[in-house]
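Source file: query-v6.pdb; contents: PDB, C-alpha atoms and all ligand atoms.
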```pdb
ATOM      1  CA  MET A   1       0.000   0.000   0.000  1.00  0.00           C
ATOM      2  CA  SER A   2       1.429   3.403  -0.953  1.00  0.00           C
ATOM      3  CA  SER A   3       1.700   6.043   1.715  1.00  0.00           C
ATOM      4  CA  GLY A   4      -0.654   8.220  -0.350  1.00  0.00           C
ATOM      5  CA  LEU A   5      -3.390   5.600  -0.200  1.00  0.00           C
ATOM      6  CA  LYS A   6      -2.846   5.093   3.528  1.00  0.00           C
ATOM      7  CA  LEU A   7      -3.327   8.812   4.075  1.00  0.00           C
ATOM      8  CA  THR A   8      -6.576   8.750   2.073  1.00  0.00           C
ATOM      9  CA  VAL A   9      -7.932   5.866   4.136  1.00  0.00           C
ATOM     10  CA  LYS A  10      -7.014   7.633   7.346  1.00  0.00           C
ATOM     11  CA  LEU A  11      -8.696  10.874   6.256  1.00  0.00           C
ATOM     12  CA  THR A  12     -11.839   8.981   5.274  1.00  0.00           C
ATOM     13  CA  CYS A  13     -12.021   7.498   8.750  1.00  0.00           C
ATOM     14  CA  ILE A  14     -11.630  10.895  10.381  1.00  0.00           C
ATOM     15  CA  LEU A  15     -14.362  12.332   8.145  1.00  0.00           C
ATOM     16  CA  ALA A  16     -16.698   9.424   8.891  1.00  0.00           C
ATOM     17  CA  ALA A  17     -16.186   9.936  12.630  1.00  0.00           C
ATOM     18  CA  ALA A  18     -16.886  13.659  12.266  1.00  0.00           C
ATOM     19  CA  VAL A  19     -20.127  12.999  10.380  1.00  0.00           C
ATOM     20  CA  LEU A  20     -21.220  10.443  12.999  1.00  0.00           C
ATOM     21  CA  SER A  21     -20.624  12.773  15.922  1.00  0.00           C
ATOM     22  CA  THR A  22     -22.437  15.597  14.122  1.00  0.00           C
ATOM     23  CA  SER A  23     -25.564  13.493  13.627  1.00  0.00           C
ATOM     24  CA  ALA A  24     -25.424  12.360  17.248  1.00  0.00           C
ATOM     25  CA  PHE A  25     -25.313  16.009  18.263  1.00  0.00           C
ATOM     26  CA  ALA A  26     -28.393  16.940  16.200  1.00  0.00           C
ATOM     27  CA  HIS A  27     -30.110  14.036  17.918  1.00  0.00           C
ATOM     28  CA  GLN A  28     -33.665  14.053  16.740  1.00  0.00           C
ATOM     29  CA  PHE A  29     -35.710  11.200  15.298  1.00  0.00           C
ATOM     30  CA  SER A  30     -39.035  11.044  13.532  1.00  0.00           C
ATOM     31  CA  GLN A  31     -41.566   8.611  12.202  1.00  0.00           C
ATOM     32  CA  GLY A  32     -44.701   9.840  10.484  1.00  0.00           C
ATOM     33  CA  ASP A  33     -46.167  12.644  12.602  1.00  0.00           C
ATOM     34  CA  ILE A  34     -44.092  11.759  15.649  1.00  0.00           C
ATOM     35  CA  LYS A  35     -40.841  13.522  16.446  1.00  0.00           C
ATOM     36  CA  ILE A  36     -38.511  12.475  19.280  1.00  0.00           C
ATOM     37  CA  GLY A  37     -36.217  15.164  20.672  1.00  0.00           C
ATOM     38  CA  HIS A  38     -32.974  14.535  22.540  1.00  0.00           C
ATOM     39  CA  PRO A  39     -33.453  11.082  24.048  1.00  0.00           C
ATOM     40  CA  TRP A  40     -31.005  10.618  26.924  1.00  0.00           C
ATOM     41  CA  SER A  41     -30.515   8.307  29.856  1.00  0.00           C
ATOM     42  CA  ARG A  42     -28.750   8.583  33.152  1.00  0.00           C
ATOM     43  CA  VAL A  43     -25.268   7.380  33.902  1.00  0.00           C
ATOM     44  CA  SER A  44     -25.763   4.064  35.704  1.00  0.00           C
ATOM     45  CA  PRO A  45     -23.656   1.216  37.149  1.00  0.00           C
ATOM     46  CA  SER A  46     -24.094  -2.281  35.686  1.00  0.00           C
ATOM     47  CA  THR A  47     -25.618  -3.455  38.989  1.00  0.00           C
ATOM     48  CA  ALA A  48     -28.563  -0.988  38.885  1.00  0.00           C
ATOM     49  CA  PRO A  49     -31.926  -2.780  38.432  1.00  0.00           C
ATOM     50  CA  VAL A  50     -33.400   0.181  36.518  1.00  0.00           C
ATOM     51  CA  ALA A  51     -32.250   3.350  34.788  1.00  0.00           C
ATOM     52  CA  GLY A  52     -34.289   6.430  33.933  1.00  0.00           C
ATOM     53  CA  ALA A  53     -34.493   7.644  30.346  1.00  0.00           C
ATOM     54  CA  TYR A  54     -35.970  10.857  29.032  1.00  0.00           C
ATOM     55  CA  LEU A  55     -37.019  12.581  25.812  1.00  0.00           C
ATOM     56  CA  THR A  56     -39.525  14.932  24.245  1.00  0.00           C
ATOM     57  CA  VAL A  57     -42.355  13.653  22.028  1.00  0.00           C
ATOM     58  CA  THR A  58     -44.015  15.968  19.531  1.00  0.00           C
ATOM     59  CA  ASN A  59     -47.144  14.986  17.624  1.00  0.00           C
ATOM     60  CA  SER A  60     -47.566  17.115  14.501  1.00  0.00           C
ATOM     61  CA  GLY A  61     -50.507  15.029  13.248  1.00  0.00           C
ATOM     62  CA  THR A  62     -54.241  15.592  13.593  1.00  0.00           C
ATOM     63  CA  GLU A  63     -54.952  12.503  15.737  1.00  0.00           C
ATOM     64  CA  PRO A  64     -53.818  11.752  19.277  1.00  0.00           C
ATOM     65  CA  ASP A  65     -51.097   9.158  19.646  1.00  0.00           C
ATOM     66  CA  ARG A  66     -49.791   7.230  22.621  1.00  0.00           C
ATOM     67  CA  LEU A  67     -46.282   6.215  23.656  1.00  0.00           C
ATOM     68  CA  THR A  68     -46.693   2.817  25.302  1.00  0.00           C
ATOM     69  CA  GLY A  69     -43.102   1.657  25.898  1.00  0.00           C
ATOM     70  CA  GLY A  70     -40.345   0.088  23.880  1.00  0.00           C
ATOM     71  CA  SER A  71     -37.360  -2.177  23.690  1.00  0.00           C
ATOM     72  CA  THR A  72     -33.578  -1.969  23.576  1.00  0.00           C
ATOM     73  CA  PRO A  73     -30.777  -4.529  23.252  1.00  0.00           C
ATOM     74  CA  ILE A  74     -29.254  -3.221  26.494  1.00  0.00           C
ATOM     75  CA  ALA A  75     -32.214  -3.955  28.818  1.00  0.00           C
ATOM     76  CA  ASP A  76     -35.133  -6.344  29.303  1.00  0.00           C
ATOM     77  CA  ARG A  77     -37.632  -3.724  28.170  1.00  0.00           C
ATOM     78  CA  ILE A  78     -38.595  -0.069  28.374  1.00  0.00           C
ATOM     79  CA  GLU A  79     -41.622   0.989  30.419  1.00  0.00           C
ATOM     80  CA  VAL A  80     -43.435   4.301  30.792  1.00  0.00           C
ATOM     81  CA  HIS A  81     -43.423   5.335  34.460  1.00  0.00           C
ATOM     82  CA  GLN A  82     -44.812   8.136  36.530  1.00  0.00           C
ATOM     83  CA  MET A  83     -43.256   9.549  39.664  1.00  0.00           C
ATOM     84  CA  THR A  84     -45.575  10.923  42.294  1.00  0.00           C
ATOM     85  CA  LEU A  85     -44.955  12.361  45.732  1.00  0.00           C
ATOM     86  CA  ASP A  86     -46.745  10.476  48.508  1.00  0.00           C
ATOM     87  CA  ASP A  87     -46.384  12.345  51.795  1.00  0.00           C
ATOM     88  CA  GLY A  88     -43.034  13.569  50.566  1.00  0.00           C
ATOM     89  CA  ILE A  89     -41.911  10.128  49.482  1.00  0.00           C
ATOM     90  CA  ALA A  90     -41.188   9.650  45.794  1.00  0.00           C
ATOM     91  CA  ARG A  91     -43.001   6.680  44.328  1.00  0.00           C
ATOM     92  CA  MET A  92     -42.903   5.145  40.886  1.00  0.00           C
ATOM     93  CA  ARG A  93     -45.687   3.446  39.128  1.00  0.00           C
ATOM     94  CA  PRO A  94     -45.751   1.979  35.635  1.00  0.00           C
ATOM     95  CA  LEU A  95     -48.274   3.427  33.200  1.00  0.00           C
ATOM     96  CA  PRO A  96     -49.255   0.288  31.241  1.00  0.00           C
ATOM     97  CA  ASP A  97     -51.349   2.387  28.826  1.00  0.00           C
ATOM     98  CA  GLY A  98     -48.456   4.746  28.305  1.00  0.00           C
ATOM     99  CA  ILE A  99     -48.804   8.463  27.803  1.00  0.00           C
ATOM    100  CA  GLU A 100     -51.022  10.278  25.343  1.00  0.00           C
ATOM    101  CA  VAL A 101     -49.633  12.955  23.056  1.00  0.00           C
ATOM    102  CA  ALA A 102     -52.415  15.196  21.749  1.00  0.00           C
ATOM    103  CA  PRO A 103     -52.324  16.463  18.162  1.00  0.00           C
ATOM    104  CA  GLY A 104     -50.084  19.515  17.929  1.00  0.00           C
ATOM    105  CA  ALA A 105     -48.722  18.924  21.432  1.00  0.00           C
ATOM    106  CA  SER A 106     -45.288  18.194  22.874  1.00  0.00           C
ATOM    107  CA  VAL A 107     -44.813  16.075  25.958  1.00  0.00           C
ATOM    108  CA  GLU A 108     -41.567  16.153  27.889  1.00  0.00           C
ATOM    109  CA  LEU A 109     -40.527  13.027  29.755  1.00  0.00           C
ATOM    110  CA  ALA A 110     -38.167  14.398  32.372  1.00  0.00           C
ATOM    111  CA  PRO A 111     -36.654  13.552  35.766  1.00  0.00           C
ATOM    112  CA  GLY A 112     -39.211  13.881  38.547  1.00  0.00           C
ATOM    113  CA  GLY A 113     -42.263  13.297  36.360  1.00  0.00           C
ATOM    114  CA  ILE A 114     -43.321  10.913  33.654  1.00  0.00           C
ATOM    115  CA  HIS A 115     -40.273   9.126  32.303  1.00  0.00           C
ATOM    116  CA  LEU A 116     -39.085   5.998  30.571  1.00  0.00           C
ATOM    117  CA  MET A 117     -37.548   3.232  32.632  1.00  0.00           C
ATOM    118  CA  LEU A 118     -34.998   0.750  31.376  1.00  0.00           C
ATOM    119  CA  ILE A 119     -35.823  -2.476  33.216  1.00  0.00           C
ATOM    120  CA  LYS A 120     -32.805  -4.616  34.151  1.00  0.00           C
ATOM    121  CA  PRO A 121     -30.081  -2.949  32.089  1.00  0.00           C
ATOM    122  CA  ASN A 122     -27.505  -5.572  31.064  1.00  0.00           C
ATOM    123  CA  GLN A 123     -24.595  -3.182  30.895  1.00  0.00           C
ATOM    124  CA  GLN A 124     -23.105  -0.149  32.547  1.00  0.00           C
ATOM    125  CA  LEU A 125     -24.335   3.165  31.119  1.00  0.00           C
ATOM    126  CA  ILE A 126     -21.228   5.238  30.628  1.00  0.00           C
ATOM    127  CA  GLU A 127     -21.352   8.996  30.226  1.00  0.00           C
ATOM    128  CA  GLY A 128     -20.954   9.990  26.578  1.00  0.00           C
ATOM    129  CA  SER A 129     -21.907   6.572  25.189  1.00  0.00           C
ATOM    130  CA  SER A 130     -25.110   5.850  23.337  1.00  0.00           C
ATOM    131  CA  PHE A 131     -27.454   2.940  22.680  1.00  0.00           C
ATOM    132  CA  LYS A 132     -30.225   2.125  20.241  1.00  0.00           C
ATOM    133  CA  ALA A 133     -33.846   1.638  21.202  1.00  0.00           C
ATOM    134  CA  THR A 134     -37.236   1.145  19.583  1.00  0.00           C
ATOM    135  CA  LEU A 135     -40.178   3.125  20.918  1.00  0.00           C
ATOM    136  CA  GLU A 136     -43.725   1.855  20.468  1.00  0.00           C
ATOM    137  CA  PHE A 137     -46.616   4.143  19.567  1.00  0.00           C
ATOM    138  CA  ALA A 138     -50.268   3.154  19.265  1.00  0.00           C
ATOM    139  CA  ARG A 139     -50.683   4.971  15.928  1.00  0.00           C
ATOM    140  CA  ALA A 140     -47.225   5.723  14.520  1.00  0.00           C
ATOM    141  CA  GLY A 141     -45.971   2.206  15.275  1.00  0.00           C
ATOM    142  CA  THR A 142     -42.290   1.777  16.071  1.00  0.00           C
ATOM    143  CA  VAL A 143     -39.771   4.619  16.103  1.00  0.00           C
ATOM    144  CA  GLU A 144     -36.055   3.805  16.042  1.00  0.00           C
ATOM    145  CA  ILE A 145     -34.023   6.141  18.235  1.00  0.00           C
ATOM    146  CA  GLU A 146     -30.669   6.378  19.975  1.00  0.00           C
ATOM    147  CA  PHE A 147     -30.245   7.459  23.584  1.00  0.00           C
ATOM    148  CA  VAL A 148     -27.144   9.314  24.700  1.00  0.00           C
ATOM    149  CA  VAL A 149     -25.924   8.672  28.244  1.00  0.00           C
ATOM    150  CA  GLN A 150     -25.370  11.843  30.218  1.00  0.00           C
ATOM    151  CA  ARG A 151     -25.675  13.361  33.654  1.00  0.00           C
ATOM    152  CA  ASN A 152     -28.904  15.132  34.583  1.00  0.00           C
ATOM    153  CA  PRO A 153     -28.695  18.579  33.006  1.00  0.00           C
ATOM    154  CA  ALA A 154     -31.028  19.904  35.730  1.00  0.00           C
ATOM    155  CA  VAL A 155     -29.592  20.650  39.148  1.00  0.00           C
ATOM    156  CA  GLU A 156     -29.213  17.393  41.045  1.00  0.00           C
ATOM    157  CA  THR A 157     -30.728  17.317  44.513  1.00  0.00           C
ATOM    158  CA  GLY A 158     -27.774  15.413  45.888  1.00  0.00           C
ATOM    159  CA  SER A 159     -29.416  12.033  46.449  1.00  0.00           C
ATOM    160  CA  GLY A 160     -28.938  11.163  42.795  1.00  0.00           C
ATOM    161  CA  ASN A 161     -31.537   8.449  43.244  1.00  0.00           C
ATOM    162  CA  GLU A 162     -35.029   9.456  42.295  1.00  0.00           C
ATOM    163  CA  HIS A 163     -36.008   5.841  41.800  1.00  0.00           C
ATOM    164  CA  GLY A 164     -36.000   5.012  45.489  1.00  0.00           C
ATOM    165  CA  GLY A 165     -39.758   4.466  45.300  1.00  0.00           C
ATOM    166  CA  HIS A 166     -39.398   1.380  43.139  1.00  0.00           C
ATOM    167  CA  GLY A 167     -40.113  -2.023  44.563  1.00  0.00           C
ATOM    168  CA  GLN A 168     -42.437  -0.790  47.315  1.00  0.00           C
TER     169      GLN A 168
HETATM  170 CU    CU A 201     -39.372   4.732  37.144  1.00  0.00          CU
END
```
Is it possible to express this structure as structure tokens?
Amino acid sequence: MSSGLKLTVKLTCILAAAVLSTSAFAHQFSQGDIKIGHPWSRVSPSTAPVAGAYLTVTNSGTEPDRLTGGSTPIADRIEVHQMTLDDGIARMRPLPDGIEVAPGASVELAPGGIHLMLIKPNQQLIEGSSFKATLEFARAGTVEIEFVVQRNPAVETGSGNEHGGHGQ
């Protein structure tokens, strides 16, 4: 292999990496009338039984849709959960029917409220990494997305464990 060719190959790799990181930065996915904005999950050790995941759903259609859950290779399944405060104690409950997104509306799944839960993650979630997932919608069907793993952009309360209400 000539050194010229080697250089070309190397440059191609650098360009490919740059394109990949740019698309990860834009970080928006859509399927039909459904748009998914900035899906992210928490940093989590491999021993954690669950991990919270968050995103924004926008429905630009004329009919209501419903996010019911999903799947990912890195966990058993993805559930829609709601956190409520019960006498000051945070509790989680699954929403088996998922969450409705009205036509023209955006719903934010965020820490402290309605969120997605990765059940039994099979690997450590390392800051800056990403993983693929499939979301399920009643109308739009499946939407392929990619979560990025990051720390909570909101101010952390210090406990770092808002899922203490799981398992009752
Ligand atoms: Cu939860």
* Protein and nucleic acid residues within 7 Å of ligand CU 201 (chain A) (all atoms listed in the file) as a PyMOL selection string -> chain A and resi 52+81-83+92-93+115-117+163+166
Near Gly141 in chain A, counting all atoms listed in the file, which residues have an atom at most 12 Å away, once you skip same-chain residues fewer than 4 positions from it, shown as a PDB file with C-alpha atoms, in the coordinates of the input?
```pdb
ATOM      1  CA  SER A  30     -39.035  11.044  13.532  1.00  0.00           C
ATOM      2  CA  GLN A  31     -41.566   8.611  12.202  1.00  0.00           C
ATOM      3  CA  GLY A  32     -44.701   9.840  10.484  1.00  0.00           C
ATOM      4  CA  ASP A  33     -46.167  12.644  12.602  1.00  0.00           C
ATOM      5  CA  ILE A  34     -44.092  11.759  15.649  1.00  0.00           C
ATOM      6  CA  ASP A  65     -51.097   9.158  19.646  1.00  0.00           C
ATOM      7  CA  ARG A  66     -49.791   7.230  22.621  1.00  0.00           C
ATOM      8  CA  LEU A  67     -46.282   6.215  23.656  1.00  0.00           C
ATOM      9  CA  THR A  68     -46.693   2.817  25.302  1.00  0.00           C
ATOM     10  CA  GLY A  69     -43.102   1.657  25.898  1.00  0.00           C
ATOM     11  CA  GLY A  70     -40.345   0.088  23.880  1.00  0.00           C
ATOM     12  CA  THR A 134     -37.236   1.145  19.583  1.00  0.00           C
ATOM     13  CA  LEU A 135     -40.178   3.125  20.918  1.00  0.00           C
ATOM     14  CA  GLU A 136     -43.725   1.855  20.468  1.00  0.00           C
ATOM     15  CA  PHE A 137     -46.616   4.143  19.567  1.00  0.00           C
TER      16      PHE A 137
END
```
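Shortest separation to Pro111 in chain A among A:Pro153, A:Gly88, A:Pro96, A:Pro73 occurs at residue A:Pro153, atoms counted being all atoms listed in the file.
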* Asked: Care to translate the PyMOL selection byres (((chain A and resi 77) around 10) and not hetatm) into actual residues of this file, as a ChimeraX atom specification?
  -> /A:69-76,78-79,117-121,133-134
Step by step, work through what the PyMOL selection byres (((chain A and resi 28) around 6) and not hetatm) selects in the shown file, and finish by giving those residues as a compact mmCIF listing (two decimals) with C-alpha atoms, keeping the file's coordinate frame.
```
# COMPACT_ATOMS: atom_id res chain seq x y z
CA HIS A 27 -30.11 14.04 17.92
CA PHE A 29 -35.71 11.20 15.30
CA ILE A 36 -38.51 12.48 19.28
CA GLY A 37 -36.22 15.16 20.67
CA HIS A 38 -32.97 14.54 22.54
```
* **Distance query Pro39 in chain A at most 7 Å, all atoms listed in the file, self and fewer than 6 positions along chain excluded, as an NGL selection string** => :A and (54-55 or 146-148)
* To do: Mind checking which residues fall within 6 Å of Thr58 in chain A, counting all atoms listed in the file, ignoring those fewer than 3 positions away in the same chain, and posting them as a VMD selection string?
  => chain A and resid 34 to 35 105 to 106
For the selection just defined, write its residues with C-alpha atoms to a file, as a short mmCIF file (atom, residue, chain, number, x, y, z; two decimals), keeping the file's coordinate frame.
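Written output follows (out-v2.cif):
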```cif
data_model
loop_
_atom_site.label_atom_id
_atom_site.label_comp_id
_atom_site.auth_asym_id
_atom_site.auth_seq_id
_atom_site.Cartn_x
_atom_site.Cartn_y
_atom_site.Cartn_z
CA ILE A 34 -44.09 11.76 15.65
CA LYS A 35 -40.84 13.52 16.45
CA ALA A 105 -48.72 18.92 21.43
CA SER A 106 -45.29 18.19 22.87
#
```
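For Gln150 in chain A, the set of protein, DNA and RNA residues having any atom at most 7 Å away, when counting all atoms listed in the file and skipping those fewer than 5 positions along the same chain, is Trp40, Ser41, Arg42, Val43, Glu127 and Gly128 of chain A.
In this model, the gap between CA of Ser46 in chain A and CA of Ser129 in chain A comes to 13.9 Å.
Proximity to Gly112 in chain A was assessed for A:Ser130, A:Asn152, A:Asn59, A:Gln124 counting only C-alpha atoms; the smallest distance is recorded for A:Asn152.
For the pair CA of Ala51 in chain A and CA of Ala140 in chain A, the separation is 25.3 Å.
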* Asked: For the atom pair CA of Glu63 in chain A and CA of Ile145 in chain A, what is the interatomic distance in Å to one decimal place?
  -> 22.0 Å
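Across A:Ile126, A:Ala138, A:Leu85, A:Ala48, the tightest approach to Ile99 in chain A is made by A:Ala138 when counting all atoms listed in the file.
For the residues A:Val50, A:Thr56, A:Ser44, A:Leu125, ranking by smallest atom-to-atom distance to Glu108 in chain A using all atoms listed in the file places A:Thr56 first.
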* Residue with smallest distance to Ile114 in chain A - pool A:Arg91, A:Arg139, A:Lys132, A:Arg151, counting only C-alpha atoms -> A:Arg91
Range 44-62 of chain A: axis-aligned bounding box, 8 Å on each side, centre and edge lengths in Å, one decimal, as JSON:
```
{"center_x": -38.9, "center_y": 6.8, "center_z": 26.1, "size_x": 46.6, "size_y": 36.6, "size_z": 41.7}
```
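Residue nearest Val149 in chain A, chosen from A:Phe131, A:Pro49, A:Val107, A:Pro94 and counting all atoms listed in the file: A:Phe131.
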